[in-house]
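Visitor: Hey, dropping structure_36.cif in here, mmCIF, N, CA and C atoms:
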```
data_coords
loop_
_atom_site.label_atom_id
_atom_site.label_comp_id
_atom_site.auth_asym_id
_atom_site.auth_seq_id
_atom_site.Cartn_x
_atom_site.Cartn_y
_atom_site.Cartn_z
N MET W 4 70.10 -34.40 99.59
CA MET W 4 70.40 -33.13 98.99
C MET W 4 71.62 -32.51 99.67
N THR W 5 71.66 -32.59 100.99
CA THR W 5 72.78 -32.04 101.74
C THR W 5 74.06 -32.76 101.38
N LEU W 6 73.97 -34.07 101.20
CA LEU W 6 75.14 -34.86 100.83
C LEU W 6 75.67 -34.45 99.46
N VAL W 7 74.79 -34.21 98.50
CA VAL W 7 75.19 -33.79 97.16
C VAL W 7 75.87 -32.42 97.22
N LEU W 8 75.32 -31.49 97.99
CA LEU W 8 75.94 -30.16 98.12
C LEU W 8 77.30 -30.26 98.79
N GLY W 9 77.41 -31.10 99.81
CA GLY W 9 78.68 -31.27 100.51
C GLY W 9 79.76 -31.83 99.59
N VAL W 10 79.40 -32.84 98.81
CA VAL W 10 80.36 -33.44 97.87
C VAL W 10 80.73 -32.43 96.79
N SER W 11 79.76 -31.65 96.30
CA SER W 11 80.03 -30.64 95.27
C SER W 11 81.01 -29.59 95.79
N PHE W 12 80.77 -29.11 97.02
CA PHE W 12 81.69 -28.12 97.60
C PHE W 12 83.08 -28.70 97.79
N ALA W 13 83.15 -29.96 98.17
CA ALA W 13 84.44 -30.60 98.37
C ALA W 13 85.19 -30.72 97.04
N LEU W 14 84.50 -31.09 95.97
CA LEU W 14 85.14 -31.20 94.65
C LEU W 14 85.60 -29.83 94.14
N VAL W 15 84.77 -28.81 94.30
CA VAL W 15 85.15 -27.46 93.87
C VAL W 15 86.36 -26.98 94.67
N GLY W 16 86.35 -27.22 95.98
CA GLY W 16 87.47 -26.83 96.83
C GLY W 16 88.75 -27.53 96.42
N ALA W 17 88.65 -28.82 96.11
CA ALA W 17 89.83 -29.58 95.68
C ALA W 17 90.35 -29.03 94.36
N GLY W 18 89.45 -28.66 93.45
CA GLY W 18 89.87 -28.07 92.17
C GLY W 18 90.58 -26.75 92.36
N VAL W 19 90.08 -25.92 93.27
CA VAL W 19 90.71 -24.63 93.54
C VAL W 19 92.09 -24.84 94.13
N VAL W 20 92.22 -25.77 95.06
CA VAL W 20 93.52 -26.06 95.68
C VAL W 20 94.49 -26.57 94.62
N LEU W 21 94.04 -27.44 93.72
CA LEU W 21 94.89 -27.98 92.67
C LEU W 21 95.37 -26.87 91.73
N VAL W 22 94.48 -26.01 91.28
CA VAL W 22 94.86 -24.90 90.39
C VAL W 22 95.83 -23.97 91.10
N TYR W 23 95.55 -23.66 92.37
CA TYR W 23 96.43 -22.79 93.13
C TYR W 23 97.83 -23.37 93.25
N SER W 24 97.92 -24.66 93.56
CA SER W 24 99.24 -25.28 93.73
C SER W 24 99.99 -25.33 92.40
N LEU W 25 99.30 -25.57 91.30
CA LEU W 25 99.95 -25.56 89.99
C LEU W 25 100.46 -24.16 89.64
N MET W 26 99.64 -23.16 89.91
CA MET W 26 100.05 -21.78 89.63
C MET W 26 101.24 -21.39 90.51
N GLN W 27 101.23 -21.79 91.77
CA GLN W 27 102.32 -21.47 92.68
C GLN W 27 103.62 -22.12 92.24
N SER W 28 103.56 -23.38 91.81
CA SER W 28 104.78 -24.06 91.37
C SER W 28 105.30 -23.43 90.07
N ALA W 29 104.42 -23.01 89.19
CA ALA W 29 104.86 -22.33 87.96
C ALA W 29 105.49 -21.00 88.31
N TRP W 30 104.91 -20.27 89.23
CA TRP W 30 105.45 -18.98 89.66
C TRP W 30 106.82 -19.16 90.30
N ASP W 31 106.97 -20.16 91.17
CA ASP W 31 108.24 -20.42 91.83
C ASP W 31 109.32 -20.80 90.83
N SER W 32 109.00 -21.62 89.85
CA SER W 32 110.02 -22.03 88.87
C SER W 32 110.41 -20.85 88.00
N ALA W 33 109.49 -19.96 87.70
CA ALA W 33 109.83 -18.77 86.91
C ALA W 33 110.72 -17.84 87.72
N ALA W 34 110.49 -17.75 89.02
CA ALA W 34 111.29 -16.87 89.87
C ALA W 34 112.70 -17.43 90.06
N LEU W 35 112.87 -18.74 90.00
CA LEU W 35 114.17 -19.34 90.20
C LEU W 35 115.06 -19.30 88.97
N SER W 36 114.49 -19.18 87.77
CA SER W 36 115.31 -19.18 86.57
C SER W 36 114.96 -17.99 85.69
N PRO W 37 115.40 -16.80 86.07
CA PRO W 37 115.10 -15.63 85.25
C PRO W 37 115.81 -15.72 83.91
N GLU W 38 115.15 -15.27 82.88
CA GLU W 38 115.73 -15.26 81.56
C GLU W 38 115.77 -13.85 81.04
N ARG W 39 116.63 -13.61 80.09
CA ARG W 39 116.70 -12.31 79.41
C ARG W 39 115.37 -12.09 78.72
N PRO W 40 114.76 -10.91 78.89
CA PRO W 40 113.47 -10.64 78.26
C PRO W 40 113.56 -10.85 76.75
N GLY W 41 112.54 -11.50 76.20
CA GLY W 41 112.50 -11.74 74.77
C GLY W 41 113.31 -12.95 74.34
N SER W 42 113.94 -13.62 75.25
CA SER W 42 114.77 -14.76 74.93
C SER W 42 113.94 -16.03 75.00
N SER W 43 114.21 -16.96 74.09
CA SER W 43 113.50 -18.24 74.14
C SER W 43 114.40 -19.32 74.73
N SER W 44 115.57 -18.96 75.17
CA SER W 44 116.51 -19.91 75.76
C SER W 44 116.04 -20.31 77.15
N SER W 45 116.41 -21.52 77.56
CA SER W 45 116.04 -21.95 78.90
C SER W 45 117.19 -21.77 79.89
N THR W 46 118.31 -21.17 79.44
CA THR W 46 119.41 -20.95 80.36
C THR W 46 119.17 -19.68 81.15
N PRO W 47 119.52 -19.69 82.43
CA PRO W 47 119.31 -18.49 83.25
C PRO W 47 120.15 -17.32 82.77
N TYR W 48 119.63 -16.16 82.92
CA TYR W 48 120.31 -14.91 82.55
C TYR W 48 121.20 -14.47 83.71
N THR W 49 122.41 -14.09 83.39
CA THR W 49 123.31 -13.55 84.39
C THR W 49 123.88 -12.23 83.89
N GLU W 50 124.44 -11.44 84.80
CA GLU W 50 125.03 -10.17 84.40
C GLU W 50 126.21 -10.36 83.47
N GLU W 51 126.84 -11.52 83.52
CA GLU W 51 127.97 -11.79 82.63
C GLU W 51 127.53 -11.87 81.18
N ASP W 52 126.22 -12.09 80.94
CA ASP W 52 125.71 -12.16 79.57
C ASP W 52 125.66 -10.79 78.91
N GLU W 53 125.71 -9.75 79.72
CA GLU W 53 125.66 -8.40 79.17
C GLU W 53 126.92 -8.14 78.38
N GLU W 54 126.75 -7.63 77.16
CA GLU W 54 127.90 -7.27 76.35
C GLU W 54 128.06 -5.77 76.37
N GLU W 55 129.27 -5.33 76.54
CA GLU W 55 129.56 -3.90 76.48
C GLU W 55 129.65 -3.49 75.03
N PRO W 56 129.03 -2.38 74.65
CA PRO W 56 129.15 -1.93 73.26
C PRO W 56 130.59 -1.55 72.95
N ASP W 57 130.99 -1.80 71.71
CA ASP W 57 132.35 -1.48 71.29
C ASP W 57 132.64 0.01 71.39
N GLU W 58 131.64 0.81 71.07
CA GLU W 58 131.83 2.25 71.14
C GLU W 58 130.51 2.92 71.51
N GLU W 59 130.62 4.05 72.11
CA GLU W 59 129.43 4.81 72.48
C GLU W 59 128.84 5.46 71.23
N PRO W 60 127.51 5.51 71.11
CA PRO W 60 126.93 6.19 69.96
C PRO W 60 127.20 7.69 70.05
N GLU W 61 127.32 8.29 68.88
CA GLU W 61 127.57 9.73 68.84
C GLU W 61 126.23 10.46 68.84
N PHE W 62 126.16 11.50 69.64
CA PHE W 62 124.98 12.34 69.68
C PHE W 62 125.39 13.75 69.33
N ASP W 63 124.89 14.24 68.23
CA ASP W 63 125.16 15.61 67.81
C ASP W 63 123.96 16.43 68.26
N THR W 64 124.13 17.18 69.31
CA THR W 64 123.01 17.94 69.85
C THR W 64 122.78 19.23 69.08
N ASP W 65 123.63 19.52 68.11
CA ASP W 65 123.45 20.73 67.32
C ASP W 65 123.42 20.37 65.84
N GLY W 66 122.62 19.39 65.46
CA GLY W 66 122.55 18.94 64.07
C GLY W 66 121.81 19.89 63.17
N THR W 67 121.86 21.18 63.48
CA THR W 67 121.12 22.17 62.70
C THR W 67 121.59 22.24 61.26
N ALA W 68 122.83 21.85 60.98
CA ALA W 68 123.32 21.89 59.61
C ALA W 68 122.62 20.85 58.74
N ASP W 69 122.08 19.79 59.34
CA ASP W 69 121.42 18.73 58.59
C ASP W 69 119.93 18.98 58.38
N VAL W 70 119.34 19.93 59.10
CA VAL W 70 117.89 20.14 59.07
C VAL W 70 117.56 21.50 58.48
N THR W 71 116.56 21.50 57.57
CA THR W 71 116.09 22.74 56.94
C THR W 71 114.58 22.82 57.06
N ILE W 72 114.07 23.98 57.46
CA ILE W 72 112.62 24.20 57.46
C ILE W 72 112.24 24.58 56.04
N THR W 73 111.40 23.77 55.41
CA THR W 73 111.01 24.02 54.02
C THR W 73 109.70 24.77 53.90
N LYS W 74 108.87 24.71 54.94
CA LYS W 74 107.57 25.39 54.88
C LYS W 74 107.07 25.59 56.30
N CYS W 75 106.52 26.76 56.58
CA CYS W 75 105.94 27.04 57.89
C CYS W 75 104.64 27.79 57.67
N THR W 76 103.53 27.18 58.04
CA THR W 76 102.21 27.78 57.84
C THR W 76 101.32 27.45 59.04
N ARG W 77 100.09 27.88 58.94
CA ARG W 77 99.08 27.48 59.92
C ARG W 77 98.26 26.37 59.29
N ASP W 78 97.96 25.36 60.09
CA ASP W 78 97.15 24.25 59.62
C ASP W 78 95.79 24.79 59.20
N SER W 79 95.33 24.43 57.99
CA SER W 79 94.08 24.97 57.47
C SER W 79 92.85 24.49 58.22
N LEU W 80 92.95 23.35 58.87
CA LEU W 80 91.80 22.80 59.57
C LEU W 80 91.67 23.33 61.00
N ILE W 81 92.76 23.35 61.74
CA ILE W 81 92.69 23.74 63.15
C ILE W 81 93.40 25.05 63.46
N ASP W 82 94.04 25.64 62.46
CA ASP W 82 94.68 26.95 62.57
C ASP W 82 95.86 26.95 63.55
N TRP W 83 96.50 25.81 63.74
CA TRP W 83 97.69 25.72 64.58
C TRP W 83 98.93 25.80 63.69
N PRO W 84 100.06 26.26 64.22
CA PRO W 84 101.27 26.33 63.41
C PRO W 84 101.76 24.94 63.01
N HIS W 85 102.33 24.90 61.80
CA HIS W 85 102.73 23.62 61.20
C HIS W 85 104.00 23.87 60.40
N ALA W 86 105.03 23.08 60.63
CA ALA W 86 106.29 23.25 59.90
C ALA W 86 106.68 21.94 59.22
N GLU W 87 107.12 22.06 57.98
CA GLU W 87 107.65 20.92 57.26
C GLU W 87 109.16 21.08 57.22
N LEU W 88 109.88 20.02 57.52
CA LEU W 88 111.34 20.06 57.57
C LEU W 88 111.92 18.97 56.68
N GLU W 89 113.14 19.21 56.24
CA GLU W 89 113.87 18.19 55.49
C GLU W 89 115.21 17.99 56.18
N VAL W 90 115.58 16.74 56.36
CA VAL W 90 116.86 16.42 56.99
C VAL W 90 117.71 15.65 55.98
N VAL W 91 118.98 15.99 55.89
CA VAL W 91 119.94 15.27 55.07
C VAL W 91 121.01 14.75 56.02
N ASN W 92 121.14 13.44 56.09
CA ASN W 92 122.10 12.84 57.01
C ASN W 92 123.52 13.13 56.54
N GLY W 93 124.21 14.02 57.25
CA GLY W 93 125.57 14.39 56.93
C GLY W 93 126.61 13.56 57.65
N THR W 94 126.18 12.50 58.35
CA THR W 94 127.13 11.67 59.08
C THR W 94 127.50 10.46 58.22
N GLY W 95 128.41 9.67 58.71
CA GLY W 95 128.84 8.48 58.01
C GLY W 95 128.09 7.23 58.40
N SER W 96 127.05 7.36 59.21
CA SER W 96 126.29 6.18 59.62
C SER W 96 124.81 6.53 59.70
N THR W 97 123.98 5.50 59.78
CA THR W 97 122.54 5.70 59.89
C THR W 97 122.26 6.50 61.16
N ALA W 98 121.33 7.46 61.05
CA ALA W 98 121.07 8.34 62.19
C ALA W 98 119.58 8.55 62.37
N ALA W 99 119.23 8.97 63.57
CA ALA W 99 117.87 9.39 63.90
C ALA W 99 117.93 10.86 64.27
N TYR W 100 116.90 11.60 63.92
CA TYR W 100 116.86 13.04 64.17
C TYR W 100 115.61 13.40 64.95
N VAL W 101 115.78 14.27 65.92
CA VAL W 101 114.67 14.85 66.67
C VAL W 101 114.86 16.34 66.59
N ALA W 102 113.89 17.03 66.01
CA ALA W 102 113.99 18.49 65.85
C ALA W 102 112.91 19.15 66.69
N TYR W 103 113.32 20.11 67.50
CA TYR W 103 112.39 20.91 68.28
C TYR W 103 112.21 22.24 67.55
N VAL W 104 110.96 22.59 67.28
CA VAL W 104 110.65 23.81 66.54
C VAL W 104 109.90 24.76 67.45
N SER W 105 110.38 26.00 67.51
CA SER W 105 109.67 27.05 68.25
C SER W 105 108.95 27.92 67.25
N PHE W 106 107.65 28.05 67.40
CA PHE W 106 106.85 28.91 66.54
C PHE W 106 106.70 30.26 67.24
N VAL W 107 107.10 31.32 66.56
CA VAL W 107 107.03 32.66 67.13
C VAL W 107 106.15 33.54 66.25
N ASP W 108 105.61 34.61 66.85
CA ASP W 108 104.81 35.55 66.08
C ASP W 108 105.73 36.61 65.46
N ARG W 109 105.15 37.60 64.82
CA ARG W 109 105.94 38.64 64.13
C ARG W 109 106.82 39.43 65.08
N ASP W 110 106.43 39.50 66.34
CA ASP W 110 107.21 40.24 67.33
C ASP W 110 108.27 39.37 67.99
N GLY W 111 108.37 38.10 67.58
CA GLY W 111 109.35 37.20 68.15
C GLY W 111 108.90 36.53 69.43
N GLU W 112 107.63 36.70 69.80
CA GLU W 112 107.10 36.07 71.01
C GLU W 112 106.73 34.62 70.72
N LEU W 113 107.07 33.73 71.63
CA LEU W 113 106.78 32.31 71.48
C LEU W 113 105.27 32.08 71.45
N VAL W 114 104.82 31.39 70.41
CA VAL W 114 103.40 31.05 70.27
C VAL W 114 103.15 29.60 70.63
N SER W 115 104.05 28.73 70.18
CA SER W 115 103.90 27.30 70.40
C SER W 115 105.23 26.60 70.11
N GLU W 116 105.27 25.33 70.42
CA GLU W 116 106.44 24.51 70.11
C GLU W 116 105.97 23.22 69.48
N GLY W 117 106.84 22.62 68.68
CA GLY W 117 106.51 21.36 68.03
C GLY W 117 107.72 20.45 67.99
N LEU W 118 107.49 19.22 67.67
CA LEU W 118 108.53 18.20 67.65
C LEU W 118 108.41 17.42 66.34
N ALA W 119 109.56 17.16 65.70
CA ALA W 119 109.58 16.35 64.47
C ALA W 119 110.63 15.26 64.64
N VAL W 120 110.34 14.08 64.11
CA VAL W 120 111.23 12.94 64.27
C VAL W 120 111.43 12.24 62.93
N ALA W 121 112.68 11.84 62.66
CA ALA W 121 113.00 11.00 61.51
C ALA W 121 113.94 9.91 62.03
N GLU W 122 113.61 8.67 61.74
CA GLU W 122 114.43 7.55 62.21
C GLU W 122 115.06 6.82 61.04
N ASP W 123 116.18 6.16 61.31
CA ASP W 123 116.86 5.31 60.34
C ASP W 123 117.14 6.02 59.02
N VAL W 124 117.74 7.20 59.10
CA VAL W 124 118.12 7.95 57.90
C VAL W 124 119.53 7.51 57.54
N ALA W 125 119.68 6.92 56.37
CA ALA W 125 120.98 6.42 55.92
C ALA W 125 121.92 7.58 55.58
N PRO W 126 123.23 7.35 55.61
CA PRO W 126 124.19 8.41 55.29
C PRO W 126 123.91 9.02 53.91
N GLY W 127 123.84 10.34 53.86
CA GLY W 127 123.59 11.05 52.60
C GLY W 127 122.14 11.07 52.15
N GLU W 128 121.27 10.34 52.81
CA GLU W 128 119.86 10.28 52.42
C GLU W 128 119.07 11.45 52.99
N LYS W 129 117.94 11.77 52.34
CA LYS W 129 117.03 12.82 52.79
C LYS W 129 115.80 12.19 53.43
N ALA W 130 115.22 12.90 54.39
CA ALA W 130 113.97 12.47 55.00
C ALA W 130 113.14 13.72 55.28
N LYS W 131 111.84 13.59 55.18
CA LYS W 131 110.93 14.70 55.47
C LYS W 131 110.33 14.48 56.86
N MET W 132 110.19 15.59 57.58
CA MET W 132 109.62 15.55 58.93
C MET W 132 108.55 16.64 59.02
N THR W 133 107.64 16.48 59.95
CA THR W 133 106.60 17.47 60.20
C THR W 133 106.54 17.78 61.69
N ALA W 134 106.53 19.06 62.01
CA ALA W 134 106.38 19.50 63.40
C ALA W 134 105.05 20.22 63.51
N GLN W 135 104.20 19.77 64.40
CA GLN W 135 102.88 20.37 64.60
C GLN W 135 102.87 21.13 65.91
N GLY W 136 102.59 22.40 65.85
CA GLY W 136 102.46 23.18 67.06
C GLY W 136 101.09 22.96 67.67
N THR W 137 100.90 23.48 68.86
CA THR W 137 99.58 23.39 69.50
C THR W 137 99.13 24.78 69.87
N GLY W 138 97.91 25.06 69.60
CA GLY W 138 97.33 26.35 69.98
C GLY W 138 97.68 27.47 69.05
#
```
Can you give me the file's structure in the form of C-alpha coordinates?
Guide:
Amino acid sequence: MTLVLGVSFALVGAGVVLVYSLMQSAWDSAALSPERPGSSSSTPYTEEDEEEPDEEPEFDTDGTADVTITKCTRDSLIDWPHAELEVVNGTGSTAAYVAYVSFVDRDGELVSEGLAVAEDVAPGEKAKMTAQGTG
(Lines of atoms letter the chains of each structure in order from A and count residues from 1; the text may use other names and numbers.)
(Lines give C-alpha, C1' and ligand atoms only; values in the text may rest on other atoms or scores of the structure.)
Protein backbone atom coordinates (compact mmCIF):
# COMPACT_ATOMS: atom_id res chain seq x y z
CA MET A 1 0.00 0.00 0.00
CA THR A 2 2.83 2.37 0.88
CA LEU A 3 4.52 1.60 -2.42
CA VAL A 4 1.33 2.41 -4.37
CA LEU A 5 0.93 5.74 -2.52
CA GLY A 6 4.58 6.60 -3.11
CA VAL A 7 4.35 5.89 -6.84
CA SER A 8 1.07 7.85 -7.06
CA PHE A 9 2.62 10.89 -5.38
CA ALA A 10 5.63 10.65 -7.66
CA LEU A 11 3.43 10.56 -10.79
CA VAL A 12 1.30 13.49 -9.59
CA GLY A 13 4.45 15.47 -8.76
CA ALA A 14 5.92 14.74 -12.18
CA GLY A 15 2.67 15.90 -13.82
CA VAL A 16 2.71 19.14 -11.85
CA VAL A 17 6.34 19.79 -12.78
CA LEU A 18 5.57 19.08 -16.46
CA VAL A 19 2.56 21.45 -16.53
CA TYR A 20 4.55 24.13 -14.70
CA SER A 21 7.46 23.91 -17.13
CA LEU A 22 5.12 24.07 -20.15
CA MET A 23 3.33 27.10 -18.70
CA GLN A 24 6.66 28.79 -17.92
CA SER A 25 8.00 28.25 -21.44
CA ALA A 26 4.75 29.61 -22.94
CA TRP A 27 4.95 32.63 -20.64
CA ASP A 28 8.60 33.26 -21.55
CA SER A 29 7.94 33.05 -25.29
CA ALA A 30 5.01 35.47 -24.97
CA ALA A 31 7.20 37.91 -23.04
CA LEU A 32 9.95 37.75 -25.68
CA SER A 33 7.71 38.53 -28.67
CA PRO A 34 5.15 41.16 -27.78
CA GLU A 35 2.53 41.79 -30.42
CA ARG A 36 0.18 44.67 -31.05
CA PRO A 37 -3.03 43.98 -29.11
CA GLY A 38 -5.70 42.46 -31.32
CA SER A 39 -3.17 41.49 -33.97
CA SER A 40 -2.97 37.96 -35.31
CA SER A 41 0.48 38.53 -36.82
CA SER A 42 3.46 36.68 -35.41
CA THR A 43 5.86 39.57 -36.01
CA PRO A 44 6.96 41.48 -32.93
CA TYR A 45 5.46 44.90 -32.34
CA THR A 46 7.81 47.86 -32.31
CA GLU A 47 7.29 51.58 -31.78
CA GLU A 48 8.13 52.09 -35.45
CA ASP A 49 4.83 50.36 -36.28
CA GLU A 50 2.94 53.29 -34.79
CA GLU A 51 1.48 55.51 -37.47
CA GLU A 52 1.03 59.19 -36.83
CA PRO A 53 -2.43 60.43 -37.79
CA ASP A 54 -2.47 62.74 -40.80
CA GLU A 55 -4.39 65.34 -38.87
CA GLU A 56 -5.66 65.90 -35.39
CA PRO A 57 -9.41 65.39 -34.91
CA GLU A 58 -11.40 68.55 -34.41
CA PHE A 59 -13.17 69.02 -31.11
CA ASP A 60 -15.84 71.68 -30.94
CA THR A 61 -16.36 72.22 -27.25
CA ASP A 62 -19.20 74.64 -27.90
CA GLY A 63 -21.37 72.62 -30.31
CA THR A 64 -24.47 74.26 -28.87
CA ALA A 65 -25.56 75.36 -32.35
CA ASP A 66 -25.99 71.68 -33.33
CA VAL A 67 -28.01 70.61 -30.26
CA THR A 68 -31.61 71.52 -29.38
CA ILE A 69 -33.59 70.53 -26.29
CA THR A 70 -36.93 69.34 -27.67
CA LYS A 71 -38.60 68.31 -24.41
CA CYS A 72 -37.85 68.64 -20.71
CA THR A 73 -40.09 66.91 -18.16
CA ARG A 74 -39.99 64.78 -15.06
CA ASP A 75 -39.86 61.04 -15.58
CA SER A 76 -43.35 59.68 -14.82
CA LEU A 77 -42.02 56.60 -13.06
CA ILE A 78 -39.26 57.94 -10.82
CA ASP A 79 -40.01 61.68 -10.93
CA TRP A 80 -36.46 62.61 -11.97
CA PRO A 81 -35.77 65.29 -14.61
CA HIS A 82 -35.57 64.02 -18.17
CA ALA A 83 -34.58 65.91 -21.33
CA GLU A 84 -34.91 64.87 -24.95
CA LEU A 85 -32.45 66.48 -27.35
CA GLU A 86 -31.95 66.55 -31.09
CA VAL A 87 -28.56 67.02 -32.71
CA VAL A 88 -27.96 67.99 -36.34
CA ASN A 89 -24.39 67.44 -37.47
CA GLY A 90 -23.33 70.81 -38.89
CA THR A 91 -19.79 69.66 -39.67
CA GLY A 92 -18.40 68.20 -42.85
CA SER A 93 -17.53 64.84 -41.32
CA THR A 94 -19.04 62.15 -39.12
CA ALA A 95 -19.15 63.35 -35.52
CA ALA A 96 -19.92 62.22 -31.99
CA TYR A 97 -21.74 64.48 -29.54
CA VAL A 98 -21.72 64.58 -25.75
CA ALA A 99 -24.20 67.01 -24.22
CA TYR A 100 -24.19 67.96 -20.55
CA VAL A 101 -27.59 69.14 -19.33
CA SER A 102 -28.13 71.11 -16.13
CA PHE A 103 -31.63 70.80 -14.72
CA VAL A 104 -32.66 73.87 -12.72
CA ASP A 105 -35.78 74.76 -10.75
CA ARG A 106 -37.95 77.86 -11.29
CA ASP A 107 -35.56 79.94 -9.22
CA GLY A 108 -32.58 78.89 -11.35
CA GLU A 109 -31.11 76.65 -8.65
CA LEU A 110 -29.36 73.51 -9.87
CA VAL A 111 -31.47 70.42 -9.22
CA SER A 112 -29.55 67.77 -11.15
CA GLU A 113 -27.33 67.15 -14.14
CA GLY A 114 -27.55 64.68 -17.00
CA LEU A 115 -25.50 63.43 -19.90
CA ALA A 116 -26.59 62.59 -23.46
CA VAL A 117 -24.49 60.92 -26.15
CA ALA A 118 -24.87 60.44 -29.91
CA GLU A 119 -22.18 58.63 -31.88
CA ASP A 120 -21.43 58.34 -35.60
CA VAL A 121 -23.72 61.15 -36.74
CA ALA A 122 -23.12 61.69 -40.46
CA PRO A 123 -22.79 65.23 -41.88
CA GLY A 124 -26.22 66.90 -42.08
CA GLU A 125 -27.94 63.98 -40.31
CA LYS A 126 -30.15 64.24 -37.21
CA ALA A 127 -29.90 62.10 -34.09
CA LYS A 128 -32.01 61.98 -30.94
CA MET A 129 -30.43 61.90 -27.49
CA THR A 130 -31.80 61.56 -23.97
CA ALA A 131 -30.34 63.07 -20.80
CA GLN A 132 -31.58 61.61 -17.53
CA GLY A 133 -31.10 63.59 -14.37
CA THR A 134 -30.81 62.02 -10.94
CA GLY A 135 -32.83 62.96 -7.92
Visitor: Report as a list of chain:residue names the residues that result from applying the PyMOL selection byres ((chain W and resi 122) around 6.5) to the structure here.
Guide: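 Taken over the shown coordinates, the PyMOL selection byres ((chain W and resi 122) around 6.5) returns W:Ala98, W:Ala99, W:Tyr100, W:Val120, W:Ala121, W:Asp123, W:Val124.
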Visitor: Looking at all atoms listed in the file, which of W:Leu118, W:Glu128, W:Thr137, W:Ser79 is the one that sits closest to Ala102 (chain W)?
Guide: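 Closest to Ala102 (chain W), using all atoms listed in the file: W:Leu118.
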Visitor: Env of Thr76 (chain W): 8 Å cut, atoms = only C-alpha atoms, seq-sep filter 6 positions within chain, self excluded. Answer as a PyMOL selection string.
Guide: chain W and resi 84-86
Visitor: Enumerate, as a tab-separated table (two decimals) with N, CA and C atoms, in the frame of the given file, the protein, DNA and RNA residues whose atoms approach (111.9, 18.1, 67.3) to within 5 Å, taking into account all atoms listed in the file and the coordinate frame of the file.
Guide:
```
chain	number	residue	atom	x	y	z
W	101	VAL	N	115.78	14.27	65.92
W	101	VAL	CA	114.67	14.85	66.67
W	101	VAL	C	114.86	16.34	66.59
W	102	ALA	N	113.89	17.03	66.01
W	102	ALA	CA	113.99	18.49	65.85
W	102	ALA	C	112.91	19.15	66.69
W	103	TYR	N	113.32	20.11	67.50
W	103	TYR	CA	112.39	20.91	68.28
W	103	TYR	C	112.21	22.24	67.55
W	104	VAL	N	110.96	22.59	67.28
W	104	VAL	CA	110.65	23.81	66.54
W	104	VAL	C	109.90	24.76	67.45
W	117	GLY	N	106.84	22.62	68.68
W	117	GLY	CA	106.51	21.36	68.03
W	117	GLY	C	107.72	20.45	67.99
W	118	LEU	N	107.49	19.22	67.67
W	118	LEU	CA	108.53	18.20	67.65
W	118	LEU	C	108.41	17.42	66.34
W	119	ALA	N	109.56	17.16	65.70
W	119	ALA	CA	109.58	16.35	64.47
W	119	ALA	C	110.63	15.26	64.64
```
Visitor: Could you expand the PyMOL selection byres ((chain W and resi 131) around 6) into the explicit residues it covers here, written as a ChimeraX atom specification?
Guide: /W:88-90,129-130,132-133
